[in-house]
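To start, the structure itself, in structure tokens.
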Amino acid sequence: QVQLVESGGGLVQAGGSLRLSCEASGRAFRTILMGWFRQAPGKEREFVSALTKEGDNTRYADSVKGRFTISRDNAKNTVYLQMNSLKPEDTAVYYCAASLRATTFTMGGLSLYDYWGQGTQVTVSS
């Protein structure tokens, strides 16, 4: 079992920045591929970003490339999502997720994630 706790969401004006954090427990963090997803009202949950166990490979959704940066600190069992130049369309509940099965080539696949956090709300005002 892996437990995930997100933090760092909030209300920000368009153009602003937020940093989300997700602390994991219950399993050696270095063995887990980590990702971020989001779900806006009335929409399906969608992939945002992911990175491999050692943090040497990352992937981003086209909609956030160049604005968001994912990173991890294996010593702190924590993954981060730095979000810059935020837009109103980034408004959503953001979920941290852990995968024991995804690889560098499949880490964008929602169905491959085994554990999920409770989500943190990000609201971007125009």
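Residues are referred to by chain and number: the chain letter is A, B, ... according to the order shown in the structure tokens, the number counts from 1 in that chain, and ligands are numbered separately from 1 in the order shown.
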| query | Can you list, as a PyMOL selection string, every protein, DNA or RNA residue that comes within 7 Å of Thr78 (chain A) when you count only C-alpha atoms, leaving out same-chain residues fewer than 6 positions away? | reply | chain A and resi 21-24+72
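Remark: for Leu51 (chain A), the closest of the candidate residues A:Asn84, A:Thr106, A:Ser25, A:Ser7 is A:Thr106 (distances computed over only C-alpha atoms).
The shell of residues at most 8 Å from Ser126 (chain A), with only C-alpha atoms counted and near chain neighbours (fewer than 6 positions) removed, consists of Gln13, Ala14, Lys87 and Pro88 of chain A.
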